[in-house]
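**Q** Please find protein.txt (compact mmCIF, C-alpha atoms) on the next line:
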# COMPACT_ATOMS: atom_id res chain seq x y z
CA MET A 1 30.20 117.00 150.11
CA LYS A 2 29.99 113.32 150.97
CA LYS A 3 30.85 110.08 149.23
CA TRP A 4 28.62 107.01 149.18
CA GLN A 5 29.91 103.54 148.40
CA CYS A 6 27.98 100.68 146.86
CA ILE A 7 28.30 97.90 149.38
CA VAL A 8 27.99 95.27 146.69
CA CYS A 9 30.61 96.31 144.14
CA GLY A 10 32.57 99.21 145.62
CA PHE A 11 31.47 101.92 143.17
CA ILE A 12 31.63 105.37 144.79
CA TYR A 13 29.05 108.11 144.26
CA ASP A 14 30.71 111.45 144.96
CA GLU A 15 28.14 114.16 145.69
CA ALA A 16 30.55 116.78 144.37
CA GLU A 17 30.60 115.06 140.95
CA GLY A 18 27.03 113.79 140.70
CA TRP A 19 26.45 111.42 137.76
CA PRO A 20 25.61 113.59 134.75
CA GLU A 21 25.19 110.65 132.38
CA ASP A 22 22.02 109.79 134.27
CA GLY A 23 20.94 113.43 134.58
CA ILE A 24 22.27 113.90 138.11
CA PRO A 25 24.17 117.20 138.18
CA ALA A 26 27.38 117.76 140.12
CA GLY A 27 26.63 118.70 143.70
CA THR A 28 23.50 116.55 144.04
CA PRO A 29 23.25 115.24 147.59
CA TRP A 30 22.59 111.52 147.92
CA ALA A 31 19.11 112.12 149.34
CA GLU A 32 18.14 113.93 146.15
CA VAL A 33 19.34 111.20 143.79
CA PRO A 34 16.14 109.55 142.44
CA ASP A 35 14.94 106.53 144.38
CA ASP A 36 15.04 104.32 141.32
CA TRP A 37 18.64 105.16 140.42
CA GLU A 38 20.87 102.12 140.14
CA CYS A 39 24.57 101.60 140.69
CA PRO A 40 26.26 102.18 137.30
CA ASP A 41 28.68 99.29 137.84
CA CYS A 42 26.49 96.52 139.17
CA GLY A 43 22.84 97.62 139.03
CA VAL A 44 21.79 97.47 142.68
CA GLY A 45 19.44 100.06 144.08
CA LYS A 46 20.07 102.99 146.41
CA ASP A 47 19.34 101.01 149.53
CA ASP A 48 22.48 98.95 148.87
CA PHE A 49 24.74 101.98 149.21
CA GLU A 50 26.11 103.22 152.49
CA MET A 51 27.77 106.34 153.78
CA MET A 52 31.52 106.31 153.44
CA GLU A 53 33.96 108.33 155.48
CA ILE A 54 35.80 111.01 153.59
CA ASP A 55 39.55 110.54 153.98
CA MET B 1 -4.37 82.89 140.68
CA GLN B 2 -1.30 83.06 142.88
CA ASN B 3 0.50 79.76 143.38
CA PRO B 4 -0.03 78.89 147.07
CA LEU B 5 2.96 76.57 147.25
CA PRO B 6 6.14 78.30 148.33
CA LEU B 7 8.88 79.80 146.25
CA VAL B 8 11.98 77.94 147.40
CA ILE B 9 15.49 79.23 146.74
CA ILE B 10 18.49 76.97 147.27
CA GLY B 11 21.48 79.16 148.15
CA THR B 12 21.90 82.32 150.21
CA GLY B 13 24.77 83.92 148.38
CA LEU B 14 24.34 87.16 146.52
CA ALA B 15 22.19 85.49 143.89
CA GLY B 16 19.78 83.80 146.29
CA TYR B 17 19.36 86.76 148.61
CA THR B 18 19.11 89.34 145.83
CA LEU B 19 16.43 87.29 144.10
CA ALA B 20 14.54 86.96 147.39
CA LYS B 21 14.75 90.71 147.95
CA GLU B 22 13.60 91.57 144.43
CA PHE B 23 10.73 89.07 144.67
CA ARG B 24 9.53 90.51 147.98
CA LYS B 25 9.46 94.02 146.44
CA LEU B 26 6.78 92.67 144.08
CA ASN B 27 5.05 90.06 146.23
CA ALA B 28 4.59 90.31 149.95
CA GLU B 29 2.32 87.32 150.50
CA ARG B 30 3.65 84.23 148.80
CA PRO B 31 5.51 81.93 151.22
CA LEU B 32 9.24 82.20 150.66
CA ILE B 33 11.81 79.65 151.80
CA LEU B 34 15.59 79.78 151.44
CA ILE B 35 17.85 76.82 152.11
CA THR B 36 21.60 77.01 152.66
CA GLN B 37 24.35 74.66 153.73
CA ASP B 38 26.15 77.46 155.53
CA ASP B 39 25.11 79.86 158.29
CA GLY B 40 23.15 82.11 155.95
CA ARG B 41 25.06 85.30 156.70
CA PHE B 42 24.65 87.94 154.01
CA TYR B 43 27.93 89.21 152.59
CA THR B 44 29.14 90.51 149.25
CA LYS B 45 31.77 88.43 147.52
CA PRO B 46 33.75 91.25 145.87
CA GLN B 47 34.79 92.38 149.33
CA LEU B 48 36.54 89.08 150.03
CA SER B 49 39.38 90.02 147.68
CA GLU B 50 40.27 93.30 149.30
CA SER B 51 39.48 93.04 153.00
CA LEU B 52 42.48 91.28 154.51
CA SER B 53 44.56 94.41 154.09
CA LYS B 54 41.77 96.43 155.67
CA ASP B 55 41.97 94.21 158.77
CA LYS B 56 38.35 93.19 158.41
CA THR B 57 37.08 90.06 160.11
CA ALA B 58 34.33 87.87 158.73
CA ASP B 59 32.01 89.44 161.29
CA ASP B 60 32.82 92.85 159.84
CA LEU B 61 31.91 91.62 156.36
CA ALA B 62 28.70 89.87 157.35
CA ARG B 63 26.09 92.56 157.04
CA PHE B 64 23.18 90.53 158.34
CA ASP B 65 22.80 87.10 159.85
CA ALA B 66 20.15 84.58 158.86
CA GLU B 67 17.76 85.66 161.56
CA GLN B 68 17.90 89.26 160.40
CA MET B 69 17.43 88.16 156.79
CA GLN B 70 14.38 86.08 157.80
CA ALA B 71 12.83 89.17 159.32
CA GLN B 72 13.75 91.45 156.42
CA LEU B 73 12.49 89.03 153.79
CA ASN B 74 9.55 87.58 155.69
CA ALA B 75 10.95 84.19 154.78
CA ASP B 76 11.92 80.91 156.42
CA ILE B 77 15.63 80.29 156.12
CA TYR B 78 16.90 76.78 156.72
CA THR B 79 20.59 77.13 157.60
CA HIS B 80 23.16 74.31 157.78
CA THR B 81 20.74 72.28 155.71
CA LYS B 82 21.59 70.02 152.85
CA VAL B 83 19.16 69.23 150.07
CA HIS B 84 19.69 65.57 149.30
CA ARG B 85 17.47 65.30 146.28
CA ILE B 86 15.14 67.27 144.06
CA ASP B 87 12.13 65.38 142.73
CA PRO B 88 10.80 67.36 139.74
CA GLU B 89 7.91 64.93 139.20
CA THR B 90 6.35 65.51 142.61
CA GLN B 91 7.87 68.99 143.01
CA CYS B 92 9.46 68.04 146.31
CA LEU B 93 12.82 68.53 147.98
CA HIS B 94 14.25 65.83 150.22
CA LEU B 95 16.11 67.26 153.21
CA ASP B 96 17.48 65.33 156.21
CA ASP B 97 14.23 64.63 158.04
CA VAL B 98 11.76 66.45 155.95
CA THR B 99 10.23 66.55 152.51
CA LEU B 100 9.47 70.05 151.31
CA ALA B 101 7.00 70.80 148.55
CA TYR B 102 7.75 73.71 146.22
CA GLY B 103 5.62 75.66 143.83
CA ASP B 104 8.66 77.14 142.12
CA LEU B 105 12.27 76.28 142.81
CA VAL B 106 15.28 78.47 142.13
CA LEU B 107 18.78 77.02 142.12
CA ALA B 108 21.31 79.61 143.26
CA THR B 109 23.92 77.12 144.34
CA GLY B 110 26.92 79.04 143.09
CA ALA B 111 30.25 77.48 142.30
CA ARG B 112 32.99 75.76 144.25
CA PRO B 113 36.75 76.18 143.92
CA ASN B 114 38.66 73.67 141.84
CA THR B 115 40.79 71.73 144.28
CA LEU B 116 44.21 70.14 144.38
CA GLU B 117 44.67 66.83 146.10
CA VAL B 118 46.99 67.29 149.07
CA PRO B 119 48.23 64.88 151.74
CA PRO B 120 46.10 65.00 154.92
CA GLU B 121 48.96 66.32 157.07
CA VAL B 122 49.14 69.43 154.91
CA SER B 123 45.43 70.19 154.66
CA ASP B 124 45.33 72.47 157.72
CA ALA B 125 47.70 74.79 155.89
CA VAL B 126 45.75 74.79 152.62
CA PHE B 127 43.09 77.43 151.97
CA TYR B 128 40.55 78.39 149.36
CA LEU B 129 38.64 81.63 149.14
CA ASN B 130 35.18 81.53 147.71
CA ASN B 131 32.86 82.41 150.57
CA LEU B 132 32.70 84.07 153.96
CA SER B 133 33.59 80.89 155.90
CA ASP B 134 36.70 80.49 153.74
CA TYR B 135 37.58 84.12 154.48
CA GLU B 136 37.13 83.62 158.20
CA ARG B 137 39.38 80.58 158.22
CA LEU B 138 42.05 82.32 156.15
CA GLN B 139 42.03 85.56 158.07
CA LYS B 140 42.48 83.78 161.38
CA ALA B 141 45.44 81.85 160.00
CA LEU B 142 47.51 84.89 159.05
CA GLN B 143 50.06 86.79 161.10
CA PRO B 144 52.26 89.66 159.94
CA ASN B 145 55.15 87.32 159.15
CA THR B 146 53.19 84.41 157.69
CA ARG B 147 54.73 83.11 154.48
CA VAL B 148 52.08 82.53 151.84
CA ALA B 149 52.03 80.82 148.47
CA ILE B 150 49.17 81.36 146.05
CA ILE B 151 48.63 78.69 143.43
CA GLY B 152 46.98 80.31 140.42
CA ALA B 153 47.57 83.69 138.77
CA GLY B 154 44.07 84.36 137.47
CA LEU B 155 41.54 86.86 138.71
CA ILE B 156 41.38 85.74 142.34
CA GLY B 157 45.05 84.83 142.58
CA CYS B 158 46.11 88.30 141.45
CA GLU B 159 43.58 90.19 143.54
CA LEU B 160 44.66 88.26 146.60
CA ALA B 161 48.34 88.73 145.81
CA ASN B 162 47.68 92.47 145.82
CA ASP B 163 45.68 92.28 149.03
CA PHE B 164 48.37 90.25 150.79
CA ALA B 165 51.06 92.65 149.59
CA ASN B 166 49.06 95.61 150.91
CA GLN B 167 48.95 93.85 154.23
CA GLY B 168 52.70 93.41 154.36
CA ILE B 169 52.75 89.73 153.39
CA GLN B 170 54.69 89.22 150.16
CA PRO B 171 53.20 86.12 148.57
CA LEU B 172 54.78 83.68 146.17
CA VAL B 173 52.47 83.14 143.22
CA ILE B 174 52.82 79.88 141.31
CA SER B 175 51.19 79.35 137.95
CA ASN B 176 51.34 76.80 135.15
CA ARG B 177 50.77 79.64 132.66
CA PRO B 178 53.34 82.08 131.23
CA THR B 179 51.77 85.31 132.57
CA PRO B 180 49.06 86.45 134.99
CA MET B 181 45.51 86.50 133.63
CA ASP B 182 46.57 84.25 130.80
CA GLY B 183 43.57 83.55 128.60
CA LEU B 184 41.51 86.19 130.36
CA LEU B 185 43.31 89.32 129.17
CA PRO B 186 45.78 90.08 126.36
CA GLU B 187 49.37 89.45 127.34
CA PRO B 188 50.50 93.11 127.70
CA PHE B 189 47.96 93.56 130.50
CA GLY B 190 49.11 90.47 132.33
CA HIS B 191 52.65 91.66 132.00
CA GLY B 192 51.78 95.15 133.30
CA LEU B 193 50.04 93.59 136.29
CA GLN B 194 53.01 91.36 136.96
CA THR B 195 55.39 94.32 136.97
CA ALA B 196 53.17 96.31 139.32
CA LEU B 197 52.75 93.42 141.75
CA GLU B 198 56.46 92.60 141.66
CA ALA B 199 57.13 96.19 142.70
CA LEU B 200 55.14 95.39 145.85
CA GLY B 201 57.28 92.35 146.56
CA VAL B 202 55.10 89.65 145.02
CA CYS B 203 57.25 86.88 143.59
CA PHE B 204 55.97 84.94 140.57
CA HIS B 205 56.87 81.46 139.36
CA PHE B 206 55.41 80.82 135.92
CA ASN B 207 55.21 77.77 133.68
CA THR B 208 55.48 75.44 136.62
CA LEU B 209 53.28 73.03 138.53
CA VAL B 210 53.29 72.16 142.20
CA GLN B 211 54.16 68.49 142.24
CA THR B 212 54.17 67.76 145.94
CA LEU B 213 53.31 69.46 149.20
CA GLN B 214 54.83 68.13 152.40
CA THR B 215 55.27 69.29 155.95
CA SER B 216 58.75 70.15 157.15
CA SER B 217 59.89 71.13 160.61
CA THR B 218 59.58 74.79 159.68
CA GLY B 219 56.56 74.91 157.40
CA ILE B 220 55.14 73.49 154.21
CA LEU B 221 57.50 72.49 151.44
CA LEU B 222 56.32 72.85 147.85
CA SER B 223 58.22 71.00 145.16
CA LEU B 224 57.74 72.52 141.74
CA SER B 225 58.07 70.89 138.35
CA ASP B 226 60.91 73.31 137.51
CA ASN B 227 62.81 71.60 140.36
CA ARG B 228 62.51 74.54 142.71
CA GLN B 229 61.55 74.02 146.34
CA LEU B 230 59.68 76.69 148.23
CA GLU B 231 58.89 76.75 151.91
CA VAL B 232 55.84 78.63 153.18
CA ASP B 233 53.39 78.52 156.06
CA ARG B 234 50.12 78.75 154.17
CA VAL B 235 49.00 77.77 150.69
CA LEU B 236 46.05 79.44 149.00
CA ILE B 237 44.66 77.64 146.00
CA ALA B 238 42.96 79.83 143.39
CA ILE B 239 42.70 77.73 140.23
CA GLY B 240 39.20 78.44 139.09
CA LEU B 241 35.62 77.62 139.96
CA ALA B 242 33.23 74.87 138.95
CA PRO B 243 29.47 75.46 139.03
CA ASN B 244 27.60 73.44 141.67
CA THR B 245 25.36 71.37 139.46
CA ASP B 246 25.25 68.02 141.28
CA LEU B 247 21.71 68.45 142.61
CA ALA B 248 20.47 69.61 139.23
CA HIS B 249 22.23 66.80 137.44
CA GLN B 250 20.76 64.24 139.78
CA ALA B 251 17.31 65.66 139.10
CA GLY B 252 17.78 65.22 135.39
CA LEU B 253 18.23 68.87 134.46
CA GLU B 254 20.28 69.66 131.39
CA ILE B 255 23.76 70.79 132.33
CA GLY B 256 26.36 72.46 130.13
CA GLN B 257 28.88 74.81 131.69
CA GLY B 258 26.30 75.23 134.41
CA ILE B 259 22.61 74.53 134.81
CA GLN B 260 21.25 75.39 131.38
CA THR B 261 18.48 77.95 131.20
CA ASP B 262 16.73 80.04 128.59
CA CYS B 263 16.38 83.82 128.72
CA LEU B 264 13.57 83.46 131.27
CA LEU B 265 16.05 81.56 133.48
CA ARG B 266 13.97 78.40 133.17
CA SER B 267 15.83 75.12 133.39
CA SER B 268 14.87 72.09 131.37
CA GLN B 269 12.35 71.09 134.08
CA PRO B 270 9.12 72.97 134.73
CA HIS B 271 9.04 75.20 137.80
CA ILE B 272 12.81 75.02 138.24
CA TYR B 273 14.97 78.08 137.54
CA ALA B 274 18.63 78.94 137.99
CA LEU B 275 20.76 82.06 138.28
CA GLY B 276 24.23 83.13 139.40
CA ASP B 277 27.53 81.27 139.20
CA CYS B 278 25.77 77.90 138.86
CA ALA B 279 23.83 78.83 135.73
CA GLU B 280 24.46 78.77 132.01
CA ILE B 281 22.02 81.27 130.61
CA GLU B 282 21.47 81.02 126.87
CA GLY B 283 24.77 79.28 126.49
CA GLN B 284 26.91 81.45 128.76
CA ASN B 285 28.12 80.98 132.31
CA ARG B 286 28.81 84.40 133.80
CA MET B 287 30.61 84.32 137.11
CA TYR B 288 30.39 88.04 137.79
CA LEU B 289 28.37 90.43 139.84
CA ALA B 290 26.33 92.55 137.43
CA PRO B 291 24.70 89.59 135.64
CA ILE B 292 23.35 88.35 138.98
CA ILE B 293 21.60 91.63 139.68
CA ALA B 294 20.10 91.77 136.18
CA CYS B 295 18.90 88.15 136.46
CA ALA B 296 17.43 88.62 139.94
CA LYS B 297 15.31 91.54 138.78
CA ALA B 298 14.00 89.73 135.71
CA LEU B 299 13.38 86.43 137.48
CA ALA B 300 11.51 88.12 140.31
CA LYS B 301 9.04 89.49 137.77
CA THR B 302 8.73 86.13 136.04
CA LEU B 303 8.07 84.37 139.33
CA ASN B 304 5.49 86.98 140.20
CA GLY B 305 3.54 86.21 137.04
CA THR B 306 5.05 88.51 134.39
CA PRO B 307 7.49 86.51 132.26
CA THR B 308 10.46 88.82 131.78
CA PRO B 309 13.45 87.77 129.70
CA VAL B 310 16.70 88.91 131.22
CA GLU B 311 18.34 91.68 129.26
CA PHE B 312 21.92 92.22 130.19
CA PRO B 313 23.10 95.82 130.12
CA ILE B 314 26.75 96.36 129.34
CA MET B 315 28.57 94.87 132.30
CA PRO B 316 32.12 96.10 132.75
CA VAL B 317 34.38 94.13 135.04
CA THR B 318 36.85 95.83 137.36
CA ILE B 319 39.78 93.83 138.64
CA LYS B 320 40.50 94.79 142.21
CA THR B 321 44.24 95.16 141.94
CA PRO B 322 44.87 98.69 143.23
CA ALA B 323 48.55 98.41 142.25
CA TYR B 324 47.45 98.21 138.61
CA PRO B 325 43.73 98.69 138.12
CA ILE B 326 42.19 96.98 135.13
CA ALA B 327 38.72 97.54 133.70
CA TYR B 328 37.38 95.50 130.81
CA LEU B 329 34.29 95.02 128.77
CA GLN B 330 34.16 92.02 126.50
CA PRO B 331 32.36 92.59 123.21
CA GLU B 332 28.77 91.33 123.44
CA ASN B 333 28.72 89.12 120.41
CA PRO B 334 31.46 86.51 120.45
CA ASP B 335 30.24 84.95 117.22
CA SER B 336 32.26 87.12 114.89
CA PRO B 337 35.62 87.72 116.58
CA ALA B 338 37.29 87.79 113.16
CA GLU B 339 35.52 91.08 112.46
CA HIS B 340 36.67 92.65 115.70
CA ASN B 341 39.40 95.22 115.40
CA TRP B 342 41.46 95.76 118.52
CA GLN B 343 43.57 98.91 118.75
CA LEU B 344 46.14 98.97 121.48
CA THR B 345 48.15 101.92 122.77
CA GLN B 346 50.64 101.70 125.59
CA ASP B 347 52.32 104.49 127.52
CA GLU B 348 53.72 105.18 130.96
CA ASP B 349 50.16 105.49 132.33
CA GLY B 350 49.17 102.00 131.29
CA ILE B 351 47.52 100.32 128.35
CA GLN B 352 44.40 101.12 126.42
CA ALA B 353 42.89 98.47 124.15
CA LEU B 354 39.71 99.36 122.28
CA CYS B 355 37.62 96.95 120.26
CA TYR B 356 35.69 98.07 117.19
CA ASP B 357 33.24 96.12 115.07
CA ALA B 358 33.10 96.03 111.29
CA GLU B 359 31.14 99.30 111.27
CA THR B 360 33.80 100.97 113.45
CA ASN B 361 31.52 101.12 116.49
CA LEU B 362 33.25 100.78 119.84
CA ILE B 363 32.10 97.48 121.36
CA GLY B 364 34.61 96.63 124.02
CA TYR B 365 37.78 97.63 125.85
CA VAL B 366 40.52 96.62 128.23
CA LEU B 367 42.07 99.51 130.16
CA SER B 368 44.83 99.43 132.72
CA GLY B 369 46.64 101.75 135.10
CA GLN B 370 45.53 105.38 134.79
CA HIS B 371 43.55 104.48 131.67
CA ALA B 372 41.17 102.34 133.73
CA ALA B 373 39.38 105.47 134.90
CA LYS B 374 38.41 106.21 131.31
CA LYS B 375 35.96 103.31 131.33
CA ARG B 376 33.24 105.79 132.17
CA GLN B 377 33.57 107.69 128.91
CA PHE B 378 33.88 104.47 126.91
CA ASN B 379 30.80 103.00 128.59
CA ALA B 380 28.88 106.09 127.52
CA LEU B 381 30.12 105.70 123.94
CA ILE B 382 29.19 102.05 123.80
CA GLN B 383 25.76 102.60 125.30
CA ALA B 384 24.95 105.42 122.88
Please, can you express the file's structure as C-alpha cells?
**A**
Amino acid sequence: MKKWQCIVCGFIYDEAEGWPEDGIPAGTPWAEVPDDWECPDCGVGKDDFEMMEID
Amino acid sequence: MQNPLPLVIIGTGLAGYTLAKEFRKLNAERPLILITQDDGRFYTKPQLSESLSKDKTADDLARFDAEQMQAQLNADIYTHTKVHRIDPETQCLHLDDVTLAYGDLVLATGARPNTLEVPPEVSDAVFYLNNLSDYERLQKALQPNTRVAIIGAGLIGCELANDFANQGIQPLVISNRPTPMDGLLPEPFGHGLQTALEALGVCFHFNTLVQTLQTSSTGILLSLSDNRQLEVDRVLIAIGLAPNTDLAHQAGLEIGQGIQTDCLLRSSQPHIYALGDCAEIEGQNRMYLAPIIACAKALAKTLNGTPTPVEFPIMPVTIKTPAYPIAYLQPENPDSPAEHNWQLTQDEDGIQALCYDAETNLIGYVLSGQHAAKKRQFNALIQA
C-alpha cells in the first residue's frame, strides 16, 4: 500500500489506514478517495497531494 | 453581469496563488492578473523549515515557475514588478511604466521578517528565512562545518534549530526570553522542546540580547548583553513577522494588526480585499496555513458573484520539530479565557494539555512528544 503526502502541509495519507473519520475505510487506494476530499490538516484538495516513496 | 475589468492579485505566495487557483475553478473567462516583486515561483512555505536537512535546493522546492503558473491559471503574471500606488478612487494601480485598471483587487502581500540593524560589513553573513529567495541564499551559504547562530527562539527559530541540527550543524540559539516558544506555548512545552533540541547539540542562550555584531578575522563576533561573546560564521534572524501593509496604508485602507477585513474579506475600500499573512480578518491576524486555504475558497466564491463569508474549520497547528513534535489547537473563542480549564499531564512520552470550557466540552489542546499523534482523536472530539 502506498503513502501520499500533501505538498502544502506535509500531512500523509496512508492507504493502509484510510481516513475513517471521513468515511474512507482502511485499505482505500488514493485513486478511490473521493475527488472532493480535502487534506485534514490544511484543507487543500487532492490535486495538491503527490506520491511519496515508501521507506 | 460579469465585471469585465480584471481581477488583480498582488502577491504570488501561497495566498495569492491559491486564491487564483480557486477562482479559476469557478470562472474561466474573467481576465486574471497577478503581480509579484519576486520571480513568481510557486513554493509552499512550510517546507522551508525542514528542507535544509533534506539537502533540497530552492529549485527542488519550486514546484512551478511563473511561466508555468501563467499557463495553468490562464493569467498574466507580472514578475519583478513593484506596485507603487493603489488609487481606490479610480480603481487603478500605478506600476513603473504602466497604470493598470482593476475591477477587483486582492492584497496577498504577506509579511516580512522583523529585522535587526547590523553594520554593513556584517550584512553578507546575516540571513532571514521567509520566502524561497531567502532559502536559496541561506542554503548556498552553508557548509557542513559552518557555525550558525539563530536569533529568536520562537516558531521559526526552533524549527530551524532542529533542521540545522538534523543536518549536522549545531546552532547557537539566542533569545531575550526565558524559554523557547515563550508566549506561544505554556512553559512546560518550551522546556520539553529545549531539552530535546539540546540533546541534538543545540545550544541556547536565554534572557539575553545581541548588542553588537562585528567581523573578526575568523568570523562574526556577537556580543551579548550577558557579557558573553560568541563567534559564528552565519547569523539567522528569526524574531517575528510584520504584515506588509504599506501599500494598503498609503491607499487609505484601515490597518490594525494587518489590513482589516470583514468576514467577506473586504477591506475598508470597495473592490479591495485581503487574505493571508497581511490580513486582519474580523480582528485576527492568522499567520498560518489552514486559514489561507479556507479564505481562498470563500473569497473565490465572493469574487465570482456569490458572497461567501469565510468559516474557519478547526485549524490545528503542527510545529515541525521532529525532535519533539508539538501539535496545538487554540480555543476558538478568546473572549472568555477565565472560563477555560486547562488540564495538564506530563509523563516520559511528553505533555498533554487539554482545554475545557465551562460546560466541560473539549475546545483546545497542546500535545507534545508521543502525545502529539493523539491530535487526531482530539480533533474528532472537538468537531463532534
**Q** Which residues are close to Pro144 (chain B), i.e. within 8 Å by all atoms listed in the file, leaving aside same-chain residues fewer than 3 positions away? Reply as a CSV table (one decimal) with C-alpha atoms, keeping the file's coordinate frame.
**A**
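Final output, saved to result_37.csv:
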chain,number,residue,atom,x,y,z
B,167,GLN,CA,49.0,93.8,154.2
B,168,GLY,CA,52.7,93.4,154.4
B,169,ILE,CA,52.8,89.7,153.4
**Q** Measure the distance from CA of Gly252 (chain B) to CA of Thr115 (chain B) in Å and round it to one decimal.
**A** 25.5 Å
**Q** What's the 8 Å shell around Ala161 (chain B), counting all atoms listed in the file, without same-chain residues fewer than 4 positions away, as number ranges by chain?
**A** B: 150, 157, 165, 170-171, 173, 197, 202
**Q** Separation of CA of Leu224 (chain B) and CA of Gln211 (chain B), in Å?
**A** 5.4 Å
**Q** Using all atoms listed in the file, which residue out of A:Cys6, A:Met52, A:Cys42, A:Asp14 lies closest to Trp30 (chain A)?
**A**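 Nearest to Trp30 (chain A): A:Asp14.
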**Q** Tell me which protein, DNA and RNA residues are within 12 Å of Glu187 (chain B), counting only C-alpha atoms, leaving out same-chain ones fewer than 3 positions away, and put them as a list in words.
**A**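 Within the cut-off, the hits are Arg177, Pro178, Thr179, Pro180, Met181, Asp182, Gly183, Leu184, Gly190, His191, Gly192, Leu193, Gln194, Leu344, Ile351, Ala353 and Val366 of chain B.
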**Q** Mind giving me the straight-line distance from CA of Thr146 (chain B) to CA of Glu231 (chain B) in Å, one decimal?
**A** 11.2 Å
**Q** Please provide as a list in words all residues within 12 Å of Pro25 (chain A), with the sequence filter that same-chain residues fewer than 4 positions apart are discarded (counting all atoms listed in the file).
**A**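 My list of contacting residues is Tyr13, Asp14, Glu15, Ala16, Glu17, Gly18, Trp19, Pro20, Glu21, Pro29, Trp30, Glu32, Val33 and Pro34 of chain A.
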**Q** At a cut-off of 8 Å, can you tabulate as a Markdown table every residue of chain A near chain B together with its closest atom pair and the distance in Å to one decimal, using only C-alpha atoms and ordering rows by chain then number?
**A**
| residue | atom | partner | partner_atom | distance |
| --- | --- | --- | --- | --- |
| A:Ile7 | CA | B:Thr44 | CA | 7.4 |
| A:Val8 | CA | B:Thr44 | CA | 5.5 |
| A:Cys9 | CA | B:Pro46 | CA | 6.2 |
| A:Glu21 | CA | B:Ala380 | CA | 7.6 |
| A:Asp41 | CA | B:Pro316 | CA | 6.9 |
| A:Cys42 | CA | B:Ala290 | CA | 4.3 |
| A:Gly43 | CA | B:Ile293 | CA | 6.2 |
| A:Val44 | CA | B:Ile293 | CA | 6.6 |
**Q** Please provide the set of residues having any atom within 9 Å of Leu236 (chain B), restricted to all atoms listed in the file, with same-chain residues fewer than 3 positions apart removed, written as a VMD selection string.
**A** chain B and resid 125 to 129 138 148 to 152 157
**Q** With only C-alpha atoms as the atoms that count, which of B:Glu280, B:Leu381, B:Gly258, B:Gln370 lies nearest to Leu354 (chain B)?
**A**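 Among the listed residues, B:Leu381 lies closest to Leu354 (chain B).
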**Q** Can you work out which one of A:Ile24, A:Ala31, A:Asp48, A:Gly10 has the shortest atom-to-atom distance to Ser51 (chain B), counting only C-alpha atoms?
**A** A:Gly10
**Q** Extending 4 Å beyond the listed atoms of region 10-19 of chain A on each side, what axis-aligned box results? I want centre and edge lengths in Å to one decimal, as JSON.
**A**
{"center_x": 29.5, "center_y": 108.0, "center_z": 141.7, "size_x": 14.1, "size_y": 25.6, "size_z": 15.9}
**Q** Counting all atoms listed in the file, find the residues whose atoms lie at most 6 Å from (15.9, 75.9, 154.0) (file coordinates) and write them out as a list in words.
**A**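 Applying the cut-off with all atoms listed in the file, one gets Ile33, Leu34, Ile35, Thr36, Ile77 and Tyr78 of chain B.
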